[in-house]
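Shown next: protein-v5.txt, containing compact mmCIF, C-alpha atoms.
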```txt
# COMPACT_ATOMS: atom_id res chain seq x y z
CA SER A 29 -27.78 5.56 -0.60
CA ALA A 30 -24.83 3.47 -1.79
CA TYR A 31 -23.73 3.08 1.83
CA LYS A 32 -27.02 1.56 2.97
CA GLU A 33 -27.22 -0.58 -0.16
CA LEU A 34 -23.77 -2.01 0.53
CA LEU A 35 -24.70 -2.91 4.12
CA VAL A 36 -27.79 -4.74 2.86
CA LEU A 37 -25.73 -6.63 0.27
CA LEU A 38 -23.12 -7.59 2.85
CA ALA A 39 -25.72 -8.85 5.32
CA ALA A 40 -27.33 -10.99 2.59
CA ASP A 41 -24.12 -12.47 1.20
CA PRO A 42 -23.60 -16.04 2.50
CA GLU A 43 -19.92 -16.03 1.49
CA LEU A 44 -19.06 -13.11 3.76
CA VAL A 45 -19.29 -14.40 7.30
CA VAL A 46 -19.49 -11.05 9.00
CA SER A 47 -22.30 -9.01 10.52
CA SER A 48 -23.39 -5.85 8.76
CA THR A 49 -22.59 -3.85 11.89
CA ALA A 50 -18.90 -4.70 11.45
CA TRP A 51 -18.92 -2.71 8.21
CA GLN A 52 -20.67 0.40 9.42
CA GLY A 53 -18.71 3.62 9.23
CA HIS A 54 -15.28 4.17 7.73
CA LEU A 55 -14.62 0.61 6.56
CA ALA A 56 -17.64 0.48 4.26
CA CYS A 57 -16.91 3.99 3.03
CA ARG A 58 -13.32 3.06 2.13
CA TRP A 59 -14.47 0.28 -0.16
CA LEU A 60 -17.23 2.43 -1.65
CA ALA A 61 -14.88 5.32 -2.36
CA ALA A 62 -12.42 2.94 -4.04
CA SER A 63 -15.28 1.55 -6.15
CA GLY A 64 -16.74 4.80 -7.43
CA TRP A 65 -19.52 4.68 -4.82
CA GLU A 66 -21.12 1.71 -6.56
CA ALA A 67 -22.38 -0.77 -3.96
CA GLY A 68 -22.22 -3.75 -6.33
CA ALA A 69 -18.64 -2.98 -7.34
CA ALA A 70 -17.65 -2.51 -3.69
CA LEU A 71 -19.17 -5.89 -2.82
CA GLN A 72 -17.11 -7.59 -5.55
CA ARG A 73 -13.93 -6.00 -4.24
CA ILE A 74 -14.74 -7.03 -0.67
CA ARG A 75 -15.33 -10.61 -1.83
CA ALA A 76 -11.98 -10.58 -3.61
CA ASN A 77 -10.35 -9.20 -0.45
CA PHE A 78 -11.84 -12.01 1.65
CA GLU A 79 -10.46 -14.58 -0.80
CA TRP A 80 -7.06 -12.86 -0.77
CA ARG A 81 -6.96 -12.87 3.02
CA ALA A 82 -7.93 -16.55 3.16
CA THR A 83 -4.98 -17.47 0.95
CA THR A 84 -2.49 -14.91 2.31
CA PHE A 85 -2.72 -15.25 6.08
CA PRO A 86 -0.91 -16.53 7.99
CA ILE A 87 2.10 -15.49 5.94
CA ALA A 88 4.61 -18.29 5.40
CA PRO A 89 7.90 -17.85 7.29
CA GLN A 90 9.77 -18.89 4.12
CA ALA A 91 8.37 -15.89 2.23
CA MET A 92 9.34 -13.52 5.03
CA ALA A 93 12.87 -14.93 5.12
CA LEU A 94 13.25 -14.57 1.35
CA ALA A 95 12.08 -10.95 1.40
CA ARG A 96 14.50 -10.22 4.26
CA GLY A 97 17.47 -11.69 2.43
CA SER A 98 19.44 -8.45 2.20
CA LYS A 99 22.32 -8.06 4.67
CA LEU A 100 21.43 -4.36 4.81
CA GLY A 101 18.18 -5.05 6.67
CA ASP A 102 14.46 -5.25 5.92
CA PRO A 103 13.32 -3.39 2.78
CA VAL A 104 10.10 -2.27 4.52
CA ASN A 105 9.82 -0.75 8.00
CA VAL A 106 7.34 1.25 10.07
CA VAL A 107 9.16 4.19 11.66
CA GLY A 108 6.37 5.89 13.64
CA ARG A 109 3.65 8.45 13.01
CA ALA A 110 3.73 11.40 10.66
CA MET A 111 2.76 14.89 11.82
CA ASP A 112 -0.76 14.36 10.45
CA GLY A 113 -1.16 11.14 12.45
CA SER A 114 -0.73 8.74 9.55
CA ILE A 115 1.52 5.70 9.96
CA CYS A 116 4.91 6.32 8.37
CA VAL A 117 6.32 3.44 6.31
CA VAL A 118 9.80 3.54 4.77
CA ILE A 119 10.65 1.37 1.75
CA ARG A 120 14.33 1.13 0.79
CA ALA A 121 14.93 -0.06 -2.77
CA GLN A 122 18.57 -0.83 -1.99
CA ARG A 123 17.38 -3.64 0.30
CA PHE A 124 15.16 -5.44 -2.20
CA PRO A 125 16.34 -9.04 -2.61
CA ALA A 126 18.08 -9.90 -5.86
CA PRO A 127 15.52 -10.94 -8.51
CA ALA A 128 14.84 -14.67 -8.37
CA ASP A 129 11.89 -17.06 -8.36
CA GLY A 130 9.47 -16.02 -5.66
CA THR A 131 11.05 -12.72 -4.63
CA LEU A 132 8.22 -10.50 -5.89
CA VAL A 133 5.64 -12.56 -4.01
CA ALA A 134 7.90 -12.60 -0.95
CA VAL A 135 8.19 -8.80 -0.90
CA GLN A 136 4.42 -8.52 -1.32
CA ALA A 137 4.07 -10.79 1.71
CA LEU A 138 6.47 -8.70 3.78
CA VAL A 139 4.73 -5.45 2.83
CA THR A 140 1.40 -7.04 3.75
CA HIS A 141 2.75 -8.20 7.10
CA VAL A 142 4.21 -4.79 7.97
CA ILE A 143 1.12 -2.82 6.95
CA GLU A 144 -1.39 -5.23 8.48
CA SER A 145 0.50 -5.29 11.78
CA ALA A 146 0.86 -1.51 11.87
CA LEU A 147 -2.81 -0.85 11.11
CA ASN A 148 -3.99 -3.33 13.74
CA GLN A 149 -1.54 -2.37 16.48
CA VAL A 150 -1.40 1.40 16.00
CA VAL A 151 -4.94 2.40 14.99
CA GLY A 152 -7.04 -0.74 15.53
CA GLY A 153 -7.46 -1.84 11.91
CA MET A 154 -8.91 -0.68 8.62
CA GLY A 155 -12.15 0.45 10.20
CA SER A 156 -10.44 3.31 12.02
CA PRO A 157 -10.60 6.81 10.51
CA ASP A 158 -6.87 7.02 11.35
CA ALA A 159 -5.98 4.05 9.12
CA GLN A 160 -3.78 6.13 6.83
CA LEU A 161 -0.26 5.52 5.52
CA SER A 162 2.48 7.95 4.56
CA VAL A 163 5.15 6.14 2.55
CA VAL A 164 8.74 7.28 2.04
CA TYR A 165 10.27 5.38 -0.87
CA ASP A 166 14.06 5.68 -0.70
CA ARG A 167 15.83 4.93 -3.98
CA THR A 168 19.33 5.74 -2.72
CA ASN A 169 21.86 3.30 -4.24
CA SER A 170 19.11 1.37 -5.96
CA PRO A 171 20.66 -1.49 -7.98
CA SER A 172 18.41 -1.16 -11.06
CA ILE A 173 15.48 0.98 -12.15
CA TRP A 174 13.89 -2.02 -13.89
CA VAL A 175 14.13 -4.18 -10.76
CA GLU A 176 12.48 -1.30 -8.93
CA VAL A 177 9.65 -1.11 -11.45
CA ASP A 178 8.81 -4.78 -10.87
CA TYR A 179 8.82 -4.39 -7.10
CA PHE A 180 6.95 -1.10 -7.27
CA LYS A 181 4.19 -2.70 -9.33
CA ALA A 182 4.01 -5.67 -6.94
CA ILE A 183 3.75 -3.44 -3.85
CA GLY A 184 1.28 -1.09 -5.54
CA ALA A 185 -0.95 -4.00 -6.54
CA VAL A 186 -1.24 -5.19 -2.93
CA LEU A 187 -2.05 -1.72 -1.58
CA GLU A 188 -4.52 -0.81 -4.30
CA ALA A 189 -6.49 -4.06 -4.21
CA ASN A 190 -6.58 -4.74 -0.47
CA TYR A 191 -6.03 -1.51 1.47
CA PRO A 192 -8.40 0.98 -0.19
CA GLU A 193 -8.17 4.67 0.65
CA THR A 194 -5.33 4.15 3.15
CA LEU A 195 -2.53 5.91 1.26
CA LYS A 196 -2.26 9.49 2.47
CA ARG A 197 0.79 10.32 0.36
CA ALA A 198 4.03 8.78 -0.86
CA PHE A 199 7.38 10.53 -1.30
CA LEU A 200 9.77 9.07 -3.87
CA PHE A 201 13.42 10.13 -3.97
CA PRO A 202 15.82 10.69 -5.64
CA THR A 203 14.02 11.00 -8.97
CA GLY A 204 16.55 11.72 -11.68
CA GLY A 205 16.35 11.13 -15.41
CA ALA A 206 16.66 7.33 -15.33
CA PHE A 207 13.91 7.03 -12.73
CA ARG A 208 11.53 9.31 -14.59
CA PHE A 209 11.95 7.18 -17.71
CA GLY A 210 11.06 4.01 -15.78
CA TRP A 211 8.34 5.86 -13.89
CA ARG A 212 6.37 6.34 -17.10
CA VAL A 213 6.06 2.56 -17.21
CA ALA A 214 5.35 1.99 -13.51
CA GLN A 215 2.67 4.66 -13.08
CA ALA A 216 0.54 3.10 -15.81
CA PHE A 217 -0.32 0.36 -13.30
CA LEU A 218 -1.72 2.83 -10.74
CA ASP A 219 -5.12 4.50 -10.73
CA ASP A 220 -5.49 8.27 -11.00
CA ASP A 221 -6.24 8.72 -7.30
CA THR A 222 -3.07 6.87 -6.25
CA ARG A 223 -0.93 8.79 -8.75
CA SER A 224 -2.23 12.08 -7.38
CA LYS A 225 -0.86 11.18 -3.93
CA LEU A 226 2.70 10.56 -5.12
CA VAL A 227 5.33 13.27 -4.67
CA LEU A 228 8.49 12.96 -6.78
CA CYS A 229 11.33 14.59 -4.85
CA THR A 230 14.79 15.67 -5.87
CA GLU A 231 17.63 15.72 -3.39
CA GLN A 232 17.28 19.52 -3.31
CA ASP A 233 13.63 19.66 -2.27
CA LEU A 234 13.32 16.38 -0.32
CA GLU A 235 13.96 17.89 3.11
CA ALA A 236 11.44 20.66 2.56
CA GLN A 237 8.79 18.21 1.32
CA LEU A 238 9.23 15.83 4.24
CA ALA A 239 9.37 18.63 6.81
CA GLN A 240 5.80 19.56 5.92
CA HIS A 241 4.44 16.12 6.79
CA ILE A 242 6.91 13.78 8.50
CA ASP A 243 7.98 14.38 12.09
```
Re-express the file's structure as C-alpha cells.
Amino acid sequence: SAYKELLVLLAADPELVVSSTAWQGHLACRWLAASGWEAGAALQRIRANFEWRATTFPIAPQAMALARGSKLGDPVNVVGRAMDGSICVVIRAQRFPAPADGTLVAVQALVTHVIESALNQVVGGMGSPDAQLSVVYDRTNSPSIWVEVDYFKAIGAVLEANYPETLKRAFLFPTGGAFRFGWRVAQAFLDDDTRSKLVLCTEQDLEAQLAQHID
C-alpha cells in the first residue's frame, strides 16, 4: 500500500532524521492524502516541510513584532475549541499591518506560531487525529480587499504546504460584492479540497452558520 511504501521511503531517507515509527498513523496519512496517495509525492512534500521548519523555527521576535503592529491587537488568535473538537482560530483582517517590506512574511510567521503552538499544546501535534482547525476569517472594517488578497494568499500558502489535511472548515464574512470580485483572484491559489471547505457568509446567515459548528 502507499502507506507502507511511504514508511519504507522515510526509513531509508538519510535527510530525514526520524524513525519510521514516528510517522505511523495519522501523520503519514495526512501527507499521503494531501499528495494524492502517492508515496513518492508525499516524501517530496515531507522533505520540503523539513527544510521549511529548519529555516522557520525558531521564529524571529522581529517578525512577530512586525505582524503585531496594529494597535487593535493581534490579527490571529486561538479562541478555544469548536463543537466538533477542532481548534478555533480567528483571523481579523482589520488588524493586518499596513503593507510594507516584510509584512507578508511577518504575518506568515505569526500564523505559523499560533497554529504550531495550538496544535502542540491542545492536541499534541500533527500526529493526533484531533489536529483539525476551524478558521473564522473576520473581514469587518477591512481596509482594502487587495491587501486582504495578498495576506490571504500568504496565509493559505503556509497552511497548504505545511499543515496538510488540518483545515476542517473556514468561515469568511462579510462577503459582499467587492469581496467576491477579489475572491475570484484569491481562490485560484487554493486547491480544490481547500476551496470546498470554505464557507462564504453574509451578515444575515453568519450566526446560523457558526451556530452549527462553533461553540
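With all atoms listed in the file as the atoms that count, the residue of A:Arg223, A:Trp211, A:Tyr191, A:Gly97 with the shortest distance to Gly155 (chain A) is A:Tyr191.
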Q | Nearest to Val117 (chain A) by atom-to-atom distance, counting all atoms listed in the file, from A:Ala95, A:Leu187, A:Val163, A:Ala146 | A | A:Val163
Q.
With all atoms listed in the file as the counted atoms, please give the residues lying no more than 6 Å from region 124-139 of chain A, apart from itself and same-chain residues fewer than 2 positions off, as an MDAnalysis selection string.
A. chainID A and resid 91:92 95 97:98 103 121:122 141:142 183
Q: State, in Å with one decimal place, the distance from CA of Ile74 (chain A) to CA of Lys196 (chain A).
A: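 Straight-line distance from CA of Ile74 (chain A) to CA of Lys196 (chain A) works out to 20.9 Å.
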Q | Between CA of Leu94 (chain A) and CA of Arg167 (chain A) - distance in Å to one decimal | A |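 Value for the CA of Arg167 (chain A)-CA of Leu94 (chain A) distance: 20.4 Å.
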Q | Residue contacts of Cys229 (chain A) (12 Å, all atoms listed in the file) excluding same-chain residues fewer than 3 positions away, as a list in words | A |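 That gives Val164, Tyr165, Asp166, Arg167, Ala198, Phe199, Leu200, Phe201, Pro202, Thr203, Gly204, Phe207, Arg208, Leu226, Gln232, Asp233, Leu234, Glu235, Ala236, Gln237 and Leu238 of chain A.
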Q: Tell me, as a VMD selection string, which residues lie within 12 Å of Ser63 (chain A), counting all atoms listed in the file; anything in the same chain fewer than 3 positions away does not count.
A: chain A and resid 30 to 31 34 56 to 60 66 to 74 188 to 189 192 to 193 219 221
